[in-house]
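Each remark here refers to the structure printed beneath this line.
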Protein chains: 2
Amino acid sequence: MNKETLIQVHDKVKPYIHRTPVLSSELINEITGCKVFFKCENFQKMGAFKMRGAANAILSLSEEQRNCGVVTHSSGNFAQALSLAATKMNVKAYIVMPKNAPQVKKDAVKNYKGEIIECESNLKAREAAAEKIRIEKNATFIHPSNDDQVILGQGTSAKELLEDYPDLEVIFTPVGGGGLLAGTALSANYFSDKCEVIGAEPENVDDAYRSLKSGKIVFNDNSNTIADGLRTFLGDRNFPIILAHVKTIIRVSEDEIINAMKLIWERMKIVVEPSSAVAFAALLKEKNNFKNKNIGIIISGGNVDLNNLPF
Amino acid sequence: MNKETLIQVHDKVKPYIHRTPVLSSELINEITGCKVFFKCENFQKMGAFKMRGAANAILSLSEEQRNCGVVTHSSGNFAQALSLAATKMNVKAYIVMPKNAPQVKKDAVKNYKGEIIECESNLKAREAAAEKIRIEKNATFIHPSNDDQVILGQGTSAKELLEDYPDLEVIFTPVGGGGLLAGTALSANYFSDKCEVIGAEPENVDDAYRSLKSGKIVFNDNSNTIADGLRTFLGDRNFPIILAHVKTIIRVSEDEIINAMKLIWERMKIVVEPSSAVAFAALLKEKNNFKNKNIGIIISGGNVDLNNLPF
């Protein structure tokens, strides 16, 4: 991976993604005491940055591989992203999802023409089901976050943001599986000589914070957070990048996440999911350390169940 | 009022307003069977198109008038708009609001430094309280919708939309007090040779529909709609414009409003208020009459109480 690779990846995925807008708000600048630029991946195709990584992962396959299809296990945005990206490229996508995944998420995958394979609701069952499909169909397994091509794809969001605002001094991203944080760190490293990248994580699932501190990947005992996109953990492809380029992960409480989410909805008039609010909550929490700085925040997505809001 | 006046009004208000973005969605185009362009006044300063008319009304006053301040009666977006526009121009704004107006709306006015005068919750009491202030303070009364300068100001939104998308064949706006519909009709008339303007109104408060049909202003027996911005009625300044330029007002049910609102939130990832959803609901309801057309929809605002959503 180097700067040239990321430039090529961006050129390659451009036909499959939106160049998302960057929004700001006078009132939010007043509240935080800095200049905040929100990169709105909630306006991305299928409603989240995951489209970037999924598109790049499929584009990186050989024609033979594409003919056999792709498989992943995800009940979240990556399931939708891989389904949509595959459909747009005439590739078959097999999506392993736990039986008890919300119907709204299953419907979204079906809507994008992904084929759902149901399994029990635990990681072993998911991995086994995906492995079965991989062998049976000769499909290529694509991990939602721990995959070089996915990481590079996710990095294109920060690349666009830095093209639009080259003076950014810090970019905040949420950290769950680590693909977005690692990709953003690469972009900041390649396309800015001063921009730091900070991860933001719910206190309740602070595996990335503890992993960064201890230098080895650790896990969570529970998955008890409203930020459902951030319940996963780091992997051996993205962790070394994070270790090399990220110095700080800020942890926020569930109340801080909900308050930040509400503030964005009320003041920015955009629908963002709790995981996105985590990054803004981290800035709000430590705003005194960022006075007058130019701050980018990656709004990771906007897929929420409107019938099940926290306010 | 003529084309030149509206161009001058737009130039005059530009420093006080955002040029709001225009968004579209592939999925919404699929659902409707036409090309829909949403003019996002929910991203306007204070969260609604009302900022345009309020700014123009104050800018049209003499220095002597400005020194004495402005007064209006409104518990909705115009209260906030006049407060903010006045504050930005160093003018005092007196806002007559019913005692029982929601605290969240009072707080918003205070936040923009408007001075609230409370009154009983009926039109006579409002008018009397505003008249008292007008005389005592020598303040200029500015009506939220039935005022030439307000109407011209509101027309600048459609002017921008037609500058961005000159091929629009229809623009939908909600109709409440009639300022936005009249201003939009003027802009379409001046800045397009083919663009029709259609009003959209809740069935429950269909005074504008009935007024257009009968040729004279009629009123509502109740104000029973979720679209709280549309409970008002037309006036002698905007009705003649509507009568001259608008042929169609489409009425929608409360369920149709809520469904349209949900669809915009879920698919566009933007926060819009029920009144805005009325315009889109009208298109959805009669989409078969607009097949393959280029349609503009004015998203009037995004001020909603997140603790009191209809879903």
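Letters A, B, ... go to the chains of the structure tokens in the order shown; residues in each chain start at 1; ligands are counted from 1 in the same order.
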Exercise for the section: Determine, counting only C-alpha atoms, which protein, DNA and RNA residues have an atom within 10 Å of an atom of range 219-222 of chain A; residues of the same chain fewer than 5 positions away are not included. Present the result as number ranges by chain. Expected result: A: 204-208, 210-211, 231-234
Exercise for the section: Provide as a PyMOL selection string the residues of chain B at most 12 Å from chain A, counting only C-alpha atoms. Expected result: chain B and resi 18+20-27+40-48+104+108+111-112+258-259+261-273+299+301-311
Restricted to C-alpha atoms, what would the selected residues look like written as a compact mmCIF listing (two decimals), in the first residue's frame?
```txt
# COMPACT_ATOMS: atom_id res chain seq x y z
CA HIS B 18 -27.52 30.28 2.45
CA THR B 20 -29.27 25.90 -0.17
CA PRO B 21 -28.22 22.69 -1.92
CA VAL B 22 -30.44 20.67 -4.25
CA LEU B 23 -30.49 16.93 -3.55
CA SER B 24 -31.87 14.01 -5.47
CA SER B 25 -32.10 10.26 -4.97
CA GLU B 26 -32.07 7.44 -7.51
CA LEU B 27 -34.48 5.46 -5.41
CA CYS B 40 -33.30 21.91 0.74
CA GLU B 41 -34.51 24.91 2.71
CA ASN B 42 -34.23 22.73 5.79
CA PHE B 43 -30.52 23.61 5.49
CA GLN B 44 -31.37 27.34 5.40
CA LYS B 45 -30.34 29.53 8.34
CA MET B 46 -32.70 28.87 11.29
CA GLY B 47 -33.88 25.80 9.39
CA ALA B 48 -36.55 27.11 7.01
CA VAL B 104 -38.96 24.53 22.47
CA ALA B 108 -35.63 29.07 19.74
CA ASN B 111 -31.90 32.00 21.26
CA TYR B 112 -32.08 34.34 18.26
CA ILE B 258 -46.32 10.88 7.55
CA ASN B 259 -45.40 8.23 4.96
CA MET B 261 -41.89 12.28 5.63
CA LYS B 262 -40.60 8.85 6.61
CA LEU B 263 -39.56 8.10 3.04
CA ILE B 264 -37.54 11.34 2.85
CA TRP B 265 -35.84 10.72 6.21
CA GLU B 266 -35.04 7.09 5.37
CA ARG B 267 -33.91 7.51 1.80
CA MET B 268 -32.59 11.06 1.57
CA LYS B 269 -31.13 10.99 5.12
CA ILE B 270 -32.36 14.51 5.78
CA VAL B 271 -34.56 15.84 8.55
CA VAL B 272 -37.63 17.58 7.15
CA GLU B 273 -40.69 18.85 8.94
CA ILE B 299 -38.37 21.33 1.19
CA GLY B 301 -37.93 23.42 6.60
CA GLY B 302 -36.47 20.97 9.05
CA ASN B 303 -37.55 22.21 12.47
CA VAL B 304 -39.11 19.27 14.26
CA ASP B 305 -39.37 18.23 17.88
CA LEU B 306 -37.36 15.00 17.95
CA ASN B 307 -39.09 14.03 21.19
CA ASN B 308 -42.44 14.07 19.45
CA LEU B 309 -42.13 12.27 16.13
CA PRO B 310 -45.01 10.55 14.33
CA PHE B 311 -43.03 7.31 13.97
```
Practice task
Step one, run DSSP on the backbone; step two, keep only residues of range 29-113 of chain A assigned to strand (DSSP E or B); then write them as a PyMOL selection string.
Solution key: chain A and resi 35-40+48+70-73+93-98
I need the residues of range 6-143 of chain B that end up classed as alpha helix (DSSP H) by DSSP on the backbone, written out as a PDB file with C-alpha atoms, in the first residue's frame.
```pdb
ATOM      1  CA  LEU B   6     -37.183  39.842  -7.710  1.00  0.00           C
ATOM      2  CA  ILE B   7     -33.608  39.894  -9.039  1.00  0.00           C
ATOM      3  CA  GLN B   8     -32.850  42.898  -6.834  1.00  0.00           C
ATOM      4  CA  VAL B   9     -34.465  41.248  -3.815  1.00  0.00           C
ATOM      5  CA  HIS B  10     -32.313  38.164  -4.317  1.00  0.00           C
ATOM      6  CA  ASP B  11     -29.123  40.243  -4.537  1.00  0.00           C
ATOM      7  CA  LYS B  12     -30.128  42.122  -1.404  1.00  0.00           C
ATOM      8  CA  VAL B  13     -30.847  39.065   0.765  1.00  0.00           C
ATOM      9  CA  GLU B  26     -32.071   7.438  -7.514  1.00  0.00           C
ATOM     10  CA  LEU B  27     -34.477   5.458  -5.410  1.00  0.00           C
ATOM     11  CA  ILE B  28     -36.964   8.300  -5.128  1.00  0.00           C
ATOM     12  CA  ASN B  29     -36.755   8.794  -8.887  1.00  0.00           C
ATOM     13  CA  GLU B  30     -37.559   5.096  -9.304  1.00  0.00           C
ATOM     14  CA  ILE B  31     -40.498   5.263  -6.917  1.00  0.00           C
ATOM     15  CA  THR B  32     -42.006   8.363  -8.502  1.00  0.00           C
ATOM     16  CA  LYS B  50     -38.838  31.856   6.127  1.00  0.00           C
ATOM     17  CA  MET B  51     -35.398  33.411   6.616  1.00  0.00           C
ATOM     18  CA  ARG B  52     -35.565  34.717   3.044  1.00  0.00           C
ATOM     19  CA  GLY B  53     -38.804  36.664   3.454  1.00  0.00           C
ATOM     20  CA  ALA B  54     -37.930  37.945   6.922  1.00  0.00           C
ATOM     21  CA  ALA B  55     -34.551  39.242   5.738  1.00  0.00           C
ATOM     22  CA  ASN B  56     -36.068  40.992   2.742  1.00  0.00           C
ATOM     23  CA  ALA B  57     -38.861  42.553   4.784  1.00  0.00           C
ATOM     24  CA  ILE B  58     -36.407  44.168   7.207  1.00  0.00           C
ATOM     25  CA  LEU B  59     -34.036  45.213   4.417  1.00  0.00           C
ATOM     26  CA  GLU B  63     -33.423  53.543   8.667  1.00  0.00           C
ATOM     27  CA  GLU B  64     -35.973  55.291  10.872  1.00  0.00           C
ATOM     28  CA  GLN B  65     -38.253  52.269  10.764  1.00  0.00           C
ATOM     29  CA  ARG B  66     -35.386  49.923  11.542  1.00  0.00           C
ATOM     30  CA  ASN B  67     -34.482  51.984  14.593  1.00  0.00           C
ATOM     31  CA  CYS B  68     -37.934  51.336  16.060  1.00  0.00           C
ATOM     32  CA  ASN B  77     -40.664  29.363  11.826  1.00  0.00           C
ATOM     33  CA  PHE B  78     -41.389  33.005  10.981  1.00  0.00           C
ATOM     34  CA  ALA B  79     -40.942  33.933  14.651  1.00  0.00           C
ATOM     35  CA  GLN B  80     -37.448  32.484  14.549  1.00  0.00           C
ATOM     36  CA  ALA B  81     -36.710  33.906  11.108  1.00  0.00           C
ATOM     37  CA  LEU B  82     -37.683  37.469  12.009  1.00  0.00           C
ATOM     38  CA  SER B  83     -35.729  37.240  15.272  1.00  0.00           C
ATOM     39  CA  LEU B  84     -32.582  36.017  13.568  1.00  0.00           C
ATOM     40  CA  ALA B  85     -32.797  38.375  10.579  1.00  0.00           C
ATOM     41  CA  ALA B  86     -33.424  41.333  12.912  1.00  0.00           C
ATOM     42  CA  THR B  87     -30.517  40.402  15.178  1.00  0.00           C
ATOM     43  CA  LYS B  88     -28.177  40.102  12.219  1.00  0.00           C
ATOM     44  CA  GLN B 103     -41.294  25.781  25.225  1.00  0.00           C
ATOM     45  CA  VAL B 104     -38.964  24.529  22.470  1.00  0.00           C
ATOM     46  CA  LYS B 105     -40.340  27.220  20.126  1.00  0.00           C
ATOM     47  CA  LYS B 106     -40.059  29.960  22.739  1.00  0.00           C
ATOM     48  CA  ASP B 107     -36.484  28.907  23.442  1.00  0.00           C
ATOM     49  CA  ALA B 108     -35.632  29.073  19.744  1.00  0.00           C
ATOM     50  CA  VAL B 109     -36.897  32.667  19.504  1.00  0.00           C
ATOM     51  CA  LYS B 110     -34.987  33.657  22.653  1.00  0.00           C
ATOM     52  CA  ASN B 111     -31.901  31.998  21.259  1.00  0.00           C
ATOM     53  CA  LEU B 123     -56.062  35.185  16.472  1.00  0.00           C
ATOM     54  CA  LYS B 124     -57.810  38.249  17.936  1.00  0.00           C
ATOM     55  CA  ALA B 125     -55.547  38.265  20.983  1.00  0.00           C
ATOM     56  CA  ARG B 126     -52.481  37.875  18.790  1.00  0.00           C
ATOM     57  CA  GLU B 127     -53.475  40.702  16.501  1.00  0.00           C
ATOM     58  CA  ALA B 128     -54.330  42.951  19.431  1.00  0.00           C
ATOM     59  CA  ALA B 129     -51.002  42.271  21.148  1.00  0.00           C
ATOM     60  CA  ALA B 130     -49.074  42.963  17.950  1.00  0.00           C
ATOM     61  CA  GLU B 131     -51.036  46.155  17.342  1.00  0.00           C
ATOM     62  CA  LYS B 132     -50.292  47.329  20.886  1.00  0.00           C
ATOM     63  CA  ILE B 133     -46.560  46.884  20.344  1.00  0.00           C
ATOM     64  CA  ARG B 134     -46.775  48.525  16.935  1.00  0.00           C
ATOM     65  CA  ILE B 135     -48.254  51.668  18.507  1.00  0.00           C
ATOM     66  CA  GLU B 136     -46.251  51.715  21.751  1.00  0.00           C
ATOM     67  CA  LYS B 137     -42.873  51.111  20.138  1.00  0.00           C
TER      68      LYS B 137
END
```
Problem - Shell around Pro166 in chain B at 12 Å using only C-alpha atoms, local window under 6 positions removed, as a PyMOL selection string - result: chain B and resi 37+158-160+187-188+191-195+294-296
Exercise for the section: Tell me, as a PyMOL selection string, which residues lie within 8 Å of Phe280 in chain A, counting only C-alpha atoms; anything in the same chain fewer than 5 positions away does not count. Expected result: chain A and resi 172+260+297
